[in-house]
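The structure file my_file-v8.cif is reproduced below (mmCIF, C-alpha atoms).
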data_work
loop_
_atom_site.label_atom_id
_atom_site.label_comp_id
_atom_site.auth_asym_id
_atom_site.auth_seq_id
_atom_site.Cartn_x
_atom_site.Cartn_y
_atom_site.Cartn_z
CA MET L 299 61.48 61.37 140.57
CA ASP L 300 61.29 57.75 141.74
CA PRO L 301 63.98 56.40 144.15
CA GLU L 302 65.58 54.08 141.55
CA THR L 303 66.10 56.89 139.02
CA ALA L 304 67.48 59.16 141.74
CA LEU L 305 69.94 56.47 142.87
CA GLU L 306 71.14 55.98 139.28
CA LEU L 307 71.77 59.73 138.99
CA VAL L 308 73.64 59.74 142.29
CA LYS L 309 75.87 56.86 141.17
CA HIS L 310 76.56 57.97 137.60
CA GLY L 311 76.32 61.74 137.93
CA VAL L 312 79.16 64.08 138.81
CA THR L 313 79.58 65.11 142.47
CA LEU L 314 81.07 68.33 143.87
CA LEU L 315 82.34 67.75 147.41
CA PHE L 316 83.13 71.06 149.12
CA LEU L 317 84.47 70.72 152.65
CA ASP L 318 84.46 73.26 155.51
CA VAL L 319 82.76 76.00 153.47
CA PRO L 320 81.58 78.80 155.83
CA GLN L 321 77.86 79.41 156.25
CA TYR L 322 76.27 82.02 153.92
CA THR L 323 78.93 81.48 151.23
CA LEU L 324 77.30 81.43 147.79
CA VAL L 325 78.17 78.31 145.80
CA ALA L 326 76.91 77.89 142.25
CA ILE L 327 77.12 75.62 139.24
CA ASP L 328 75.97 76.65 135.76
CA THR L 329 72.67 78.56 136.21
CA GLN L 330 72.01 77.35 139.78
CA MET L 331 73.08 79.03 143.03
CA PHE L 332 73.10 77.70 146.60
CA SER L 333 73.50 79.56 149.89
CA VAL L 334 75.62 77.43 152.21
CA GLY L 335 73.89 76.23 155.37
CA PRO L 336 75.43 74.41 158.34
CA ALA L 337 75.09 70.94 156.76
CA PHE L 338 76.13 71.80 153.16
CA LYS L 339 78.90 69.63 151.69
CA GLY L 340 78.36 70.08 147.95
CA ILE L 341 76.19 69.17 144.97
CA LYS L 342 75.24 65.76 143.55
CA MET L 343 73.44 64.30 140.51
CA ILE L 344 75.25 66.62 138.06
CA PRO L 345 75.07 65.48 134.41
CA PRO L 346 78.53 64.59 133.00
CA GLY L 347 80.05 67.16 130.67
CA THR L 348 81.10 70.80 130.73
CA HIS L 349 80.18 72.93 133.74
CA PHE L 350 81.10 76.26 135.33
CA VAL L 351 81.52 76.19 139.13
CA TYR L 352 81.74 79.49 141.02
CA TYR L 353 81.43 80.86 144.53
CA SER L 354 81.59 84.00 146.62
CA SER L 355 82.56 84.18 150.30
CA SER L 356 80.44 86.36 152.56
CA SER L 357 80.75 88.39 155.73
CA ARG L 358 79.66 86.67 158.94
CA ASP L 359 76.17 88.11 158.74
CA GLY L 360 75.79 87.08 155.07
CA LYS L 361 75.14 90.63 153.85
CA GLU L 362 78.38 91.41 151.97
CA PHE L 363 80.11 89.26 149.38
CA SER L 364 83.59 89.13 147.91
CA PRO L 365 84.25 88.96 144.13
CA ILE L 366 83.30 85.65 142.54
CA ILE L 367 85.90 82.96 141.86
CA GLY L 368 85.00 80.36 139.23
CA PHE L 369 86.42 77.53 137.15
CA PHE L 370 85.32 75.40 134.20
CA THR L 371 85.42 71.62 134.35
CA ASP L 372 84.73 68.84 131.86
CA ALA L 373 83.68 65.99 134.16
CA GLY L 374 83.12 62.35 133.30
CA SER L 375 80.48 59.93 134.58
CA SER L 376 80.69 59.27 138.36
CA GLU L 377 83.54 61.77 138.73
CA VAL L 378 84.01 63.39 142.15
CA ILE L 379 85.53 66.91 142.29
CA ILE L 380 86.87 67.69 145.75
CA ARG L 381 87.80 71.06 147.21
CA LYS L 382 88.44 72.21 150.77
CA TRP L 383 87.99 75.71 152.17
CA ASP L 384 91.20 77.57 153.00
CA GLN L 385 90.23 79.98 155.75
CA HIS L 386 93.32 82.16 155.34
CA GLU L 387 92.89 82.70 151.57
CA GLU L 388 89.08 82.50 151.71
CA ARG L 389 88.85 80.22 148.72
CA LEU L 390 88.48 76.57 147.78
CA VAL L 391 91.71 74.63 147.27
CA LYS L 392 92.56 71.10 146.12
CA VAL L 393 93.35 68.39 148.68
CA SER L 394 96.26 65.91 148.70
CA GLU L 395 96.02 62.78 146.56
CA GLU L 396 95.66 60.63 149.67
CA GLU L 397 92.77 62.73 151.00
CA GLU L 398 91.21 62.87 147.56
CA GLU L 399 91.05 59.09 147.26
CA ARG L 400 89.63 58.74 150.78
CA TYR L 401 86.88 61.31 150.17
CA ARG L 402 86.11 59.86 146.73
CA GLN L 403 85.41 56.46 148.25
CA ALA L 404 83.27 58.06 150.96
CA VAL L 405 81.14 59.78 148.28
CA LYS L 406 80.74 56.51 146.37
CA ASN L 407 79.66 54.81 149.61
CA LEU L 408 76.99 57.56 149.97
CA GLU L 409 78.47 58.74 153.29
CA PHE L 410 77.90 62.39 152.32
CA ASP L 411 74.63 61.85 150.47
CA ARG L 412 72.37 63.66 152.98
CA GLN L 413 74.68 66.70 152.95
CA LEU L 414 74.75 67.12 149.16
CA GLY L 415 72.21 69.30 147.39
CA PRO L 416 70.77 67.89 144.11
CA TYR L 417 71.48 69.49 140.75
CA ASN L 418 68.15 70.78 139.41
CA LEU L 419 67.79 68.99 136.08
CA SER L 420 64.93 71.26 135.00
CA HIS L 421 67.53 74.04 134.49
CA TYR L 422 69.99 71.87 132.56
CA GLU L 423 68.59 72.78 129.14
CA ASP L 424 69.27 76.48 129.86
CA TRP L 425 72.89 75.62 130.62
CA LYS L 426 73.31 73.44 127.52
CA ARG L 427 72.11 76.29 125.30
CA LEU L 428 74.75 78.57 126.85
CA SER L 429 77.62 76.07 126.65
CA ASN L 430 77.10 73.63 123.76
CA PHE L 431 80.35 74.74 122.05
CA ILE L 432 82.49 74.76 125.24
CA THR L 433 84.51 71.55 125.02
CA LYS L 434 87.46 70.22 126.98
CA SER L 435 89.82 71.58 124.33
CA VAL L 436 88.22 75.06 124.57
CA ILE L 437 88.66 75.04 128.35
CA GLU L 438 92.29 73.88 128.19
CA ARG L 439 93.07 76.48 125.54
CA LEU L 440 91.59 79.47 127.38
CA GLU L 441 91.62 78.85 131.14
CA PRO L 442 94.20 80.71 133.25
CA ILE L 443 97.04 79.02 135.07
CA GLY L 444 95.44 77.28 138.03
CA GLY L 445 92.04 77.41 136.32
CA GLU L 446 90.51 80.11 138.53
CA ILE L 447 88.68 83.01 136.86
CA THR L 448 88.12 86.11 138.98
CA VAL L 449 87.95 89.85 138.44
CA GLU L 450 90.49 90.18 141.27
CA CYS L 451 93.22 88.95 138.89
CA GLU L 452 92.27 91.45 136.21
CA ASN L 453 92.80 94.81 137.89
CA GLU L 454 95.90 95.83 135.94
CA THR L 455 94.53 94.47 132.66
CA VAL L 456 91.27 96.31 133.08
CA ARG L 457 92.82 99.60 134.17
CA ASN L 458 95.14 99.62 131.16
CA THR L 459 92.26 99.06 128.75
CA PHE L 460 90.39 101.97 127.17
CA LYS L 461 86.84 101.83 128.45
CA MET L 462 83.72 103.55 127.17
CA THR L 463 81.18 104.97 129.63
CA MET L 464 79.30 101.67 129.65
CA GLU L 465 82.42 99.75 130.67
CA GLU L 466 83.32 102.27 133.36
CA ALA L 467 79.91 101.61 134.92
CA LEU L 468 80.44 97.88 134.58
CA ASP L 469 83.87 98.26 136.18
CA LYS L 470 82.22 99.74 139.28
CA GLN L 471 79.40 97.22 139.23
CA LEU L 472 81.88 94.33 139.38
CA LYS L 473 83.69 95.97 142.29
CA VAL L 474 87.12 96.02 140.65
CA GLY L 475 89.70 97.00 143.25
CA ASN L 476 87.15 97.25 146.08
CA SER L 477 87.52 93.80 147.61
CA ALA L 478 88.67 93.42 151.17
CA THR L 479 90.15 90.04 150.36
CA SER L 480 93.43 89.57 148.52
CA ILE L 481 93.89 86.31 146.66
CA GLY L 482 97.43 86.77 145.45
CA LYS L 483 96.41 88.60 142.30
CA SER L 484 99.95 89.71 141.54
CA GLN L 485 100.93 86.07 141.04
CA ARG L 486 98.01 85.16 138.79
CA LYS L 487 97.15 85.88 135.21
CA GLY L 488 93.92 86.10 133.27
CA CYS L 489 92.57 83.81 130.57
CA TYR L 490 94.41 83.11 127.33
CA TYR L 491 91.92 84.73 125.01
CA THR L 492 92.59 85.18 121.29
CA SER L 493 93.81 88.67 120.39
CA ILE L 494 91.21 90.33 118.12
CA PRO L 495 92.50 93.50 116.36
CA ARG L 496 89.92 96.28 116.41
CA VAL L 497 91.51 98.01 113.42
CA VAL L 498 93.07 96.15 110.48
CA LYS L 499 96.55 97.44 109.66
CA CYS L 500 98.38 96.16 106.63
CA LYS L 501 101.50 97.40 104.84
CA GLY L 502 101.89 97.54 101.09
CA ILE L 503 98.27 98.24 100.13
CA SER L 504 96.45 101.39 99.10
CA GLY L 505 94.38 103.51 101.42
CA GLN L 506 91.24 102.47 99.56
CA GLU L 507 92.02 98.77 100.06
CA LEU L 508 92.74 99.37 103.75
CA THR L 509 89.43 101.16 104.17
CA SER L 510 87.67 98.23 102.50
CA LEU L 511 89.32 95.74 104.89
CA ASN L 512 88.06 97.74 107.88
CA LEU L 513 84.55 98.22 106.51
CA ASP L 514 84.13 94.46 106.03
CA LYS L 515 85.89 92.25 108.61
CA THR L 516 85.47 89.08 106.51
CA GLN L 517 89.18 88.88 105.63
CA LEU L 518 90.17 89.41 109.26
CA LEU L 519 87.77 86.65 110.30
CA GLU L 520 89.28 84.27 107.74
CA THR L 521 92.81 85.10 108.92
CA LEU L 522 91.94 84.51 112.59
CA LEU L 523 90.11 81.27 111.84
CA ALA L 524 93.14 79.92 109.97
CA LYS L 525 95.85 81.24 112.30
CA ASP L 526 94.31 81.00 115.77
CA TYR L 527 91.49 78.49 115.52
CA GLY L 528 93.00 75.90 113.18
CA GLY L 529 90.12 76.46 110.77
CA SER L 530 87.53 75.43 113.39
CA GLU L 531 84.43 77.62 113.51
CA ASP L 532 83.20 75.75 116.59
CA LEU L 533 86.39 76.64 118.48
CA LEU L 534 85.66 80.33 117.90
CA LEU L 535 82.05 79.88 119.06
CA GLY L 536 83.35 77.98 122.09
CA GLU L 537 85.49 80.98 123.02
CA LEU L 538 82.49 83.27 122.58
CA GLN L 539 80.47 81.12 125.01
CA PHE L 540 83.40 80.71 127.43
CA ALA L 541 83.79 84.49 127.62
CA PHE L 542 80.05 85.11 128.06
CA VAL L 543 79.71 82.58 130.90
CA SER L 544 82.86 83.95 132.58
CA PHE L 545 81.40 87.45 132.41
CA LEU L 546 77.77 86.70 133.23
CA MET L 547 78.35 84.20 136.04
CA GLY L 548 81.98 84.77 136.97
CA GLN L 549 81.64 88.59 136.82
CA SER L 550 84.88 88.88 134.83
CA LEU L 551 85.34 92.22 133.08
CA GLU L 552 88.19 90.77 130.99
CA ALA L 553 85.68 88.19 129.71
CA PHE L 554 83.15 90.90 128.80
CA LEU L 555 85.80 92.75 126.76
CA GLN L 556 86.63 89.52 124.88
CA TRP L 557 82.96 88.75 124.25
CA LYS L 558 82.54 92.28 122.95
CA SER L 559 85.57 91.90 120.63
CA LEU L 560 84.30 88.63 119.16
CA VAL L 561 80.75 89.97 118.70
CA SER L 562 82.16 93.11 117.04
CA LEU L 563 84.30 90.99 114.71
CA LEU L 564 81.42 88.80 113.57
CA PHE L 565 78.82 91.56 113.23
CA GLY L 566 81.45 93.58 111.35
CA CYS L 567 81.51 91.07 108.48
CA THR L 568 79.56 91.96 105.35
CA GLU L 569 80.48 89.26 102.84
CA ALA L 570 80.94 86.23 105.13
CA PRO L 571 77.27 85.75 106.16
CA PHE L 572 76.15 85.63 102.51
CA ARG L 573 78.96 83.73 100.81
CA THR L 574 81.83 82.13 102.72
CA ARG L 575 80.59 81.48 106.27
CA THR L 576 76.79 81.19 106.19
CA LEU L 577 76.72 78.18 108.56
CA LEU L 578 79.04 79.92 111.04
CA PHE L 579 76.78 82.97 111.14
CA THR L 580 73.66 80.85 111.59
CA LYS L 581 75.29 79.21 114.62
CA PHE L 582 76.61 82.56 115.89
CA VAL L 583 73.22 84.31 115.77
CA LYS L 584 71.67 81.33 117.55
CA VAL L 585 74.40 81.49 120.23
CA ILE L 586 74.02 85.23 120.91
CA TYR L 587 70.21 84.90 120.83
CA ASN L 588 70.36 82.25 123.58
CA GLN L 589 72.88 84.30 125.56
CA LEU L 590 70.81 87.46 125.63
CA LYS L 591 67.50 85.62 126.01
CA TYR L 592 68.81 84.03 129.21
CA GLY L 593 70.67 87.06 130.50
CA LEU L 594 67.78 89.47 129.99
CA GLN L 595 65.26 87.49 132.03
CA LYS L 596 64.15 89.86 134.77
CA ASP L 597 63.67 87.11 137.35
CA HIS L 598 67.33 86.11 137.12
CA VAL L 599 68.92 88.11 139.92
CA ASP L 600 71.72 86.52 141.91
CA GLU L 601 71.89 86.62 145.70
CA THR L 602 74.62 89.25 145.68
CA GLY L 603 71.87 91.59 144.46
CA SER L 604 72.94 92.23 140.87
CA ALA L 605 70.88 91.44 137.79
CA LEU L 606 72.53 89.21 135.23
CA LEU L 607 72.52 91.77 132.44
CA ASP L 608 72.10 95.34 133.58
CA ASP L 609 69.97 97.43 131.19
CA SER L 610 72.44 100.31 131.62
CA TRP L 611 75.07 98.62 129.47
CA LEU L 612 72.51 97.49 126.90
CA SER L 613 71.16 100.97 126.25
CA ALA L 614 70.21 102.17 122.77
CA ASP L 615 73.60 103.91 122.37
CA SER L 616 75.62 100.79 123.22
CA PHE L 617 78.08 99.11 120.87
CA LEU L 618 75.69 96.18 120.40
CA HIS L 619 72.86 98.37 119.14
CA HIS L 620 75.10 100.00 116.52
CA LEU L 621 76.48 96.65 115.35
CA CYS L 622 73.07 94.99 115.19
CA LYS L 623 71.60 97.88 113.24
CA GLY L 624 74.22 97.47 110.51
CA PHE L 625 73.98 93.68 110.50
CA PHE L 626 70.17 93.63 110.33
CA SER L 627 70.19 96.25 107.58
CA SER L 628 72.49 94.25 105.30
CA LEU L 629 71.05 90.83 106.05
CA LEU L 630 67.31 91.44 106.15
CA ASP L 631 67.46 93.55 102.98
CA GLY L 632 69.60 90.99 101.15
CA SER L 633 68.19 89.48 97.97
CA VAL L 634 69.52 85.95 98.63
CA VAL L 635 69.83 84.89 102.27
CA ASP L 636 70.06 81.38 103.77
CA GLY L 637 66.71 80.36 105.31
CA ASP L 638 68.04 79.30 108.73
CA LEU L 639 70.22 82.40 109.04
CA LEU L 640 67.27 84.62 108.15
CA LYS L 641 65.00 82.84 110.66
CA TRP L 642 67.43 83.21 113.59
CA THR L 643 68.29 86.81 112.66
CA ARG L 644 64.60 87.73 112.74
CA LYS L 645 64.19 85.98 116.12
CA PHE L 646 67.22 87.84 117.50
CA LYS L 647 65.92 91.19 116.20
CA GLU L 648 62.52 90.56 117.78
CA LEU L 649 64.18 89.65 121.10
CA LEU L 650 66.04 92.97 121.20
CA GLU L 651 62.96 94.93 120.17
CA ASN L 652 60.65 93.24 122.69
CA ASN L 653 63.02 92.98 125.68
CA LEU L 654 65.00 96.19 125.30
CA GLY L 655 62.67 98.36 123.26
CA TRP L 656 65.34 98.88 120.61
CA GLU L 657 64.40 100.27 117.22
CA PHE L 658 66.37 99.58 114.06
CA GLN L 659 65.02 102.12 111.59
CA GLN L 660 67.72 103.74 109.49
CA SER L 661 69.13 107.00 110.87
CA SER L 662 71.19 107.86 107.80
CA ALA L 663 71.03 107.45 104.07
CA VAL L 664 74.72 106.52 104.02
CA ASP L 665 74.81 102.72 103.78
CA GLY L 666 71.84 102.60 106.15
CA ILE L 667 74.13 102.82 109.19
CA TYR L 668 74.45 105.64 111.69
CA PHE L 669 77.52 106.16 113.87
CA GLU L 670 77.98 108.84 116.48
CA GLU L 671 81.06 111.00 116.52
CA ASN L 672 83.98 109.29 118.32
CA ASP L 673 82.16 105.95 118.20
CA GLU L 674 84.87 103.30 118.60
CA PHE L 675 82.88 100.93 116.37
CA ALA L 676 82.44 103.31 113.47
CA PRO L 677 84.11 102.09 110.26
CA VAL L 678 87.74 103.15 109.89
CA VAL L 679 88.21 105.28 106.78
CA GLU L 680 91.84 105.83 105.85
CA MET L 681 92.60 109.01 103.87
CA LEU L 682 96.03 108.09 102.51
CA ASP L 683 98.09 108.77 99.40
CA ASP L 684 98.95 105.60 97.54
CA GLU L 685 102.63 106.10 98.40
CA ALA L 686 102.07 106.76 102.10
CA PRO L 687 103.31 103.95 104.36
CA VAL L 688 100.62 101.99 106.22
CA VAL L 689 101.65 100.92 109.69
#

When written as structure tokens, how does the structure in this file appear?
Amino acid sequence: MDPETALELVKHGVTLLFLDVPQYTLVAIDTQMFSVGPAFKGIKMIPPGTHFVYYSSSSRDGKEFSPIIGFFTDAGSSEVIIRKWDQHEERLVKVSEEEEERYRQAVKNLEFDRQLGPYNLSHYEDWKRLSNFITKSVIERLEPIGGEITVECENETVRNTFKMTMEEALDKQLKVGNSATSIGKSQRKGCYYTSIPRVVKCKGISGQELTSLNLDKTQLLETLLAKDYGGSEDLLLGELQFAFVSFLMGQSLEAFLQWKSLVSLLFGCTEAPFRTRTLLFTKFVKVIYNQLKYGLQKDHVDETGSALLDDSWLSADSFLHHLCKGFFSSLLDGSVVDGDLLKWTRKFKELLENNLGWEFQQSSAVDGIYFEENDEFAPVVEMLDDEAPVV
């Protein structure tokens, strides 16, 4: 990059100024991670727009790390985001307005330029594919009070949630309840995710109608889009991406559970992909394809030592395999399917087959879908008399 182009990026790009951060702390933005050295003061030349900033404090020898703390930001051109390390709380905090203005001017005068690491623009396309539906309105709608996302604030939520074997393993992997650092979790709350019912319950209808509603989640999707998303498909996809980034990079178990709920809702729709929401499903399959394509790359291992997506929770008996099997069966065997939706579904199927070794041959003659006993994602079949109350 020539000096003139670099100077333009320094002047018009976003700057993260992080003061007094201890050595060996891991500081990251989007898909890029930095290990703090003695001269580190932040990151420069960041493209304006949506970003996820996250960090993890370390022990003095740099061998052990605390749970990640992260926040989303929608930054404008030449914006300077300033945080200062609070040694007592072991986290980054905002500075006073007076200090903020003083540091902002110092950044614009290039006083910190030599101490700022450059944002690697060659990785920006990866980030855009993971976040293209995350807008300022999505962030404001979902972010917790104070903006900080961390598994430390989710202990009670997670413990009160039914977890399958896969999630129990993930619970341990994300070190829930094992941190030596307290960050006031009792005073903080998690994100404001949309509540997605796993089972449709409706009074005043027959058992057969109730079974139908649970076999095809199209009506539930329509209800949620109208009631919670103001009719905006992109707002729903923004929440799907927000949750995935919060889980993958912020190591939030609450975020994984929300991502799982949204994926289960969409893959549980039979009619919508063909008739009412073809464009939504084309965008959705493209989103989840890009998410798993990035997350499954074997060379993506963060400095805390954990792979981005652990194969153990993407095993052949996982919820995702069951859902994809049913979705692929109905879509790829359909007589009339939108061309773009078919193209992206085939690409997604090939990704799972090639990267995970999954097979999608039918295991049952019943609707082409196989569900194990006690599978939480098996269709709900209600055996009710017509006069029996539905609660």

Query - Which residue of L:Phe431, L:Phe582, L:Phe617, L:Phe369 approaches Leu533 in chain L most closely, using all atoms listed in the file - result: L:Phe431

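Picked out by the PyMOL selection byres ((chain L and resi 405-416) around 8) when it runs on this file: Lys309, Leu315, Ala337, Phe338, Lys339, Gly340, Ile341, Lys342, Met343, Ile344, Val378, Tyr401, Arg402, Gln403, Ala404, Tyr417 and Asn418 of chain L.
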
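Counting all atoms listed in the file and comparing L:Ile380, L:Leu577, L:Leu534, L:Ala524, the residue that lies closest to Arg439 in chain L is L:Leu534.
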
Requested in this report: Find, counting only C-alpha atoms, the residue in L:Gln330, L:Leu551, L:Phe626, L:Pro320 that gets nearest to Asp359 in chain L.
Outcome: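 Smallest distance to Asp359 in chain L is found for L:Pro320.
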
**Report entry** Counting only C-alpha atoms, the option among L:Ala326, L:Ala553, L:Ile447, L:Leu538 closest to Gly368 in chain L
**Finding:** L:Ile447

Query - Between CA of Phe646 in chain L and CA of Gly548 in chain L, distance in Å (one decimal) - result: 24.6 Å

Report as a PDB file with C-alpha atoms, in the coordinates of the input the full result of the PyMOL selection byres ((chain L and resi 318) around 8) when it is applied to this structure.
ATOM      1  CA  PHE L 316      83.130  71.060 149.120  1.00  0.00           C
ATOM      2  CA  LEU L 317      84.470  70.720 152.650  1.00  0.00           C
ATOM      3  CA  VAL L 319      82.760  76.000 153.470  1.00  0.00           C
ATOM      4  CA  PRO L 320      81.580  78.800 155.830  1.00  0.00           C
ATOM      5  CA  LYS L 339      78.900  69.630 151.690  1.00  0.00           C
ATOM      6  CA  LYS L 382      88.440  72.210 150.770  1.00  0.00           C
ATOM      7  CA  TRP L 383      87.990  75.710 152.170  1.00  0.00           C
TER       8      TRP L 383
END

Chain and number of each residue from the PyMOL selection byres ((chain L and resi 638) around 12), as a PDB file with C-alpha atoms, in the coordinates of the input:
ATOM      1  CA  PRO L 571      77.270  85.750 106.160  1.00  0.00           C
ATOM      2  CA  THR L 576      76.790  81.190 106.190  1.00  0.00           C
ATOM      3  CA  LEU L 577      76.720  78.180 108.560  1.00  0.00           C
ATOM      4  CA  LEU L 578      79.040  79.920 111.040  1.00  0.00           C
ATOM      5  CA  PHE L 579      76.780  82.970 111.140  1.00  0.00           C
ATOM      6  CA  THR L 580      73.660  80.850 111.590  1.00  0.00           C
ATOM      7  CA  LYS L 581      75.290  79.210 114.620  1.00  0.00           C
ATOM      8  CA  PHE L 582      76.610  82.560 115.890  1.00  0.00           C
ATOM      9  CA  VAL L 583      73.220  84.310 115.770  1.00  0.00           C
ATOM     10  CA  LYS L 584      71.670  81.330 117.550  1.00  0.00           C
ATOM     11  CA  VAL L 635      69.830  84.890 102.270  1.00  0.00           C
ATOM     12  CA  ASP L 636      70.060  81.380 103.770  1.00  0.00           C
ATOM     13  CA  GLY L 637      66.710  80.360 105.310  1.00  0.00           C
ATOM     14  CA  LEU L 639      70.220  82.400 109.040  1.00  0.00           C
ATOM     15  CA  LEU L 640      67.270  84.620 108.150  1.00  0.00           C
ATOM     16  CA  LYS L 641      65.000  82.840 110.660  1.00  0.00           C
ATOM     17  CA  TRP L 642      67.430  83.210 113.590  1.00  0.00           C
ATOM     18  CA  THR L 643      68.290  86.810 112.660  1.00  0.00           C
ATOM     19  CA  ARG L 644      64.600  87.730 112.740  1.00  0.00           C
ATOM     20  CA  LYS L 645      64.190  85.980 116.120  1.00  0.00           C
TER      21      LYS L 645
END

Requested in this report: Kindly give the distance, in Å, that separates CA of Ala373 in chain L and CA of Leu440 in chain L, rounded to a single decimal.
Outcome: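 Separation between CA of Ala373 in chain L and CA of Leu440 in chain L: 17.0 Å.
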
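For the pair CA of Tyr353 in chain L and CA of Met547 in chain L, the interatomic distance is 9.6 Å.
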
Requested in this report: Choose the residue, out of L:Thr313, L:Glu446, L:Pro345, L:Glu396, that has the smallest atom-to-atom separation from Tyr422 in chain L; count all atoms listed in the file.
Outcome: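 Of L:Thr313, L:Glu446, L:Pro345, L:Glu396, the one nearest Tyr422 in chain L, counting all atoms listed in the file, is L:Pro345.
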
Report task. Dig up all the protein and nucleic acid residues within 10 Å of (83.8, 91.8, 116.3) in the file frame, using all atoms listed in the file, and format them as a PyMOL selection string. Result -> chain L and resi 494-496+515+518-519+556-567+621+675

Print the selection's residues with C-alpha atoms to a file, as an mmCIF file, in the frame of the given file.
data_model
loop_
_atom_site.group_PDB
_atom_site.id
_atom_site.type_symbol
_atom_site.label_atom_id
_atom_site.label_comp_id
_atom_site.auth_asym_id
_atom_site.auth_seq_id
_atom_site.Cartn_x
_atom_site.Cartn_y
_atom_site.Cartn_z
ATOM 1 C CA ILE L 494 91.210 90.330 118.120
ATOM 2 C CA PRO L 495 92.500 93.500 116.360
ATOM 3 C CA ARG L 496 89.920 96.280 116.410
ATOM 4 C CA LYS L 515 85.890 92.250 108.610
ATOM 5 C CA LEU L 518 90.170 89.410 109.260
ATOM 6 C CA LEU L 519 87.770 86.650 110.300
ATOM 7 C CA GLN L 556 86.630 89.520 124.880
ATOM 8 C CA TRP L 557 82.960 88.750 124.250
ATOM 9 C CA LYS L 558 82.540 92.280 122.950
ATOM 10 C CA SER L 559 85.570 91.900 120.630
ATOM 11 C CA LEU L 560 84.300 88.630 119.160
ATOM 12 C CA VAL L 561 80.750 89.970 118.700
ATOM 13 C CA SER L 562 82.160 93.110 117.040
ATOM 14 C CA LEU L 563 84.300 90.990 114.710
ATOM 15 C CA LEU L 564 81.420 88.800 113.570
ATOM 16 C CA PHE L 565 78.820 91.560 113.230
ATOM 17 C CA GLY L 566 81.450 93.580 111.350
ATOM 18 C CA CYS L 567 81.510 91.070 108.480
ATOM 19 C CA LEU L 621 76.480 96.650 115.350
ATOM 20 C CA PHE L 675 82.880 100.930 116.370
#

**Report entry** Residue with smallest distance to Phe540 in chain L - pool L:Gln385, L:Ser420, L:Thr492, L:Ser628, counting all atoms listed in the file
**Finding:**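 Selected residue with least distance to Phe540 in chain L: L:Thr492.
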
I'd like the neighbourhood of Gly347 in chain L as a PDB file with C-alpha atoms, keeping the file's coordinate frame, where a residue qualifies if any of its atoms comes within 10 Å (using all atoms listed in the file), though same-chain residues fewer than 6 positions away should be ignored.
ATOM      1  CA  GLY L 311      76.320  61.740 137.930  1.00  0.00           C
ATOM      2  CA  VAL L 312      79.160  64.080 138.810  1.00  0.00           C
ATOM      3  CA  THR L 371      85.420  71.620 134.350  1.00  0.00           C
ATOM      4  CA  ASP L 372      84.730  68.840 131.860  1.00  0.00           C
ATOM      5  CA  ALA L 373      83.680  65.990 134.160  1.00  0.00           C
ATOM      6  CA  GLY L 374      83.120  62.350 133.300  1.00  0.00           C
ATOM      7  CA  SER L 375      80.480  59.930 134.580  1.00  0.00           C
ATOM      8  CA  LYS L 426      73.310  73.440 127.520  1.00  0.00           C
ATOM      9  CA  ASN L 430      77.100  73.630 123.760  1.00  0.00           C
ATOM     10  CA  ILE L 432      82.490  74.760 125.240  1.00  0.00           C
ATOM     11  CA  THR L 433      84.510  71.550 125.020  1.00  0.00           C
ATOM     12  CA  LYS L 434      87.460  70.220 126.980  1.00  0.00           C
TER      13      LYS L 434
END
